[in-house]
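Step one of this worksheet: look at the structure below.
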Amino acid sequence: MQQTFTTFEITTRGKGLHDFTGEVARWVQGSALRDGMLTLFARHTSASLVIQENADPDVRGDLERFFARLVPEHDALYRHTLEGPDDMPAHVRCALTQTQLSIPVREGRMVLGTWQGIYLFEHRRAGQTREVAAHLLGE
Amino acid sequence: MQQTFTTFEITTRGKGLHDFTGEVARWVQGSALRDGMLTLFARHTSASLVIQENADPDVRGDLERFFARLVPEHDALYRHTLEGPDDMPAHVRCALTQTQLSIPVREGRMVLGTWQGIYLFEHRRAGQTREVAAHLLGE
Amino acid sequence: MQQTFTTFEITTRGKGLHDFTGEVARWVQGSALRDGMLTLFARHTSASLVIQENADPDVRGDLERFFARLVPEHDALYRHTLEGPDDMPAHVRCALTQTQLSIPVREGRMVLGTWQGIYLFEHRRAGQTREVAAHLLGE
């Protein structure tokens, strides 16, 4: 059993879902490990991870709109407002989605379903460079 | 350290929670591994995983009703509507719950709390056959 | 490759976020394993885990207030009411957050981002003693 690490750097363009399935798949494929477990960990409190449908781009737009409505900016409830109207909503959106995902790997490929893509979910208005730590364990 | 894989096939009967703790526990118990880490991964974007109370069945009904109200069908917000009124809500419900769960294993048993069960959360109206990939690593 | 287990006991004081990053960091640091994967698993259906900002305490207050409003007590929707008005909301809040977190470890430290802390999210009104099972795998 062996392990290997990397970090994916993802440049976002404001709120919404950024597909990085391809980068992850290439790294897994390029490693010496055929069967094992991949873990992705977003090193942020205003961007998170989700598995979502990779076919119709409208899904990503609908998801962003749903979260924008569920967790509105300028909500009188928030006291943490100094970092901008999108900051506290970003923290709530992180709590409601995932910071980490683990995906089994067989024969050099993640066992994603046909319609599953791996997305970084950016919750801030401004584009950012985000880091996702990755760990692959296997043989 | 060794690893083993399987896939659980779960037949659902429409929206709601399907307990498959027993199948998972039997597989873990039947493996040669006594101590380690189990990971479950739902290979879908319209069904997800949750740990929930396994005692009162009303909890499962309340949970389904809560999500049905929080993520309504026929919401004017959705553009992704071609696959039916329950499809985009299913994607949102997946983002709000979990696609993957990892559970430590000690002496051949998952370290679940007394009231914890493992559930597949079906988000489509129609019954489906769902696949949950499983990976057990340990010794 | 080796593994080690422990259980963190966390005493809460009612609803809200309890930071236990320090306890976890000390256990990881004190283990013989330098590089690997840490997994935390909350053994409860009315307390969960989240990664959140560790700087401004207002974030934690805002998060608790957001969830209290999103998942209200005394909601006519609930049938599971025998264990108190805060019990079914606690189960819903668990489904909306995480029961488990996995974090890569490098050189004896979790790869948390600068602003990330690990929190137990208590969802019951009364203080409780909560158990978080931990597993560290690595070399």
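All residue names refer to the structure tokens as shown: chains lettered A, B, ... in order, residues numbered from 1 in each chain, ligands numbered from 1 in order.
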
Kindly assemble as JSON lines a list of the chain A residues that lie within 6 Å of chain B, each paired with its nearest atom pair and their distance in Å to one decimal, using only C-alpha atoms, sorted first by chain and then by ascending residue number.
{"residue": "A:Gln52", "atom": "CA", "partner": "B:Thr45", "partner_atom": "CA", "distance": 5.7}
{"residue": "A:Glu53", "atom": "CA", "partner": "B:Thr45", "partner_atom": "CA", "distance": 5.9}
{"residue": "A:Asp58", "atom": "CA", "partner": "B:His80", "partner_atom": "CA", "distance": 5.4}
{"residue": "A:Val59", "atom": "CA", "partner": "B:His80", "partner_atom": "CA", "distance": 5.8}
{"residue": "A:Asp62", "atom": "CA", "partner": "B:Tyr78", "partner_atom": "CA", "distance": 5.5}
{"residue": "A:Leu96", "atom": "CA", "partner": "B:Leu96", "partner_atom": "CA", "distance": 5.5}
{"residue": "A:Thr97", "atom": "CA", "partner": "B:Leu96", "partner_atom": "CA", "distance": 5.4}
{"residue": "A:Leu112", "atom": "CA", "partner": "B:Arg43", "partner_atom": "CA", "distance": 5.7}
{"residue": "A:Gly113", "atom": "CA", "partner": "B:Arg43", "partner_atom": "CA", "distance": 4.5}

Can you write just those residues out, C-alpha atoms, as an mmCIF file, in the first residue's frame?
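The result, written out as result-v4.cif:
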data_model
loop_
_atom_site.group_PDB
_atom_site.id
_atom_site.type_symbol
_atom_site.label_atom_id
_atom_site.label_comp_id
_atom_site.auth_asym_id
_atom_site.auth_seq_id
_atom_site.Cartn_x
_atom_site.Cartn_y
_atom_site.Cartn_z
ATOM 1 C CA GLN A 52 -23.030 17.265 -9.657
ATOM 2 C CA GLU A 53 -24.423 16.444 -13.088
ATOM 3 C CA ASP A 58 -28.277 24.680 -16.801
ATOM 4 C CA VAL A 59 -27.908 22.423 -13.758
ATOM 5 C CA ASP A 62 -29.872 26.466 -11.312
ATOM 6 C CA LEU A 96 -24.485 23.257 3.545
ATOM 7 C CA THR A 97 -22.257 21.585 0.934
ATOM 8 C CA LEU A 112 -17.785 8.153 -10.746
ATOM 9 C CA GLY A 113 -21.218 7.476 -12.201
#

In range 8-119 of chain B, DSSP strand (DSSP E or B) residues written as JSON, numbers by chain: {"B": [8, 9, 10, 11, 16, 17, 18, 19, 36, 37, 38, 39, 40, 41, 42, 47, 48, 49, 50, 51, 52, 53, 98, 100, 101, 102, 103, 104, 105, 106, 109, 110, 116, 117, 118, 119]}

Atomic separation - CA of Arg13 in chain C relative to CA of Glu73 in chain A, Å: 29.4 Å

Distance query Glu139 in chain A at most 8 Å, only C-alpha atoms, self and fewer than 4 positions along chain excluded, as a ChimeraX atom specification: /A:1-2,32-36

Point-to-point distance from CA of Asn54 in chain C to CA of Asp19 in chain C, Å rounded to tenths: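 Rounded to one decimal, the two atoms are 8.2 Å apart.
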
Proximity to Gln116 in chain A - best of B:Ala47, B:Gly138, B:Arg26, B:Pro72, only C-alpha atoms: B:Ala47

Between CA of Met37 in chain B and CA of Thr21 in chain A, distance in Å (one decimal):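 These atoms are spaced 24.5 Å apart.
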
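Shortest atom-to-atom contact with Ile118 in chain B among B:Leu63, B:Ser31, B:Ile51, B:Ala25: B:Ile51, counting only C-alpha atoms.
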
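You can rank A:Glu23, A:Gly16, A:Thr11, A:Arg125 by their closest distance to Gly61 in chain A using only C-alpha atoms, and at the top of that list sits A:Gly16.
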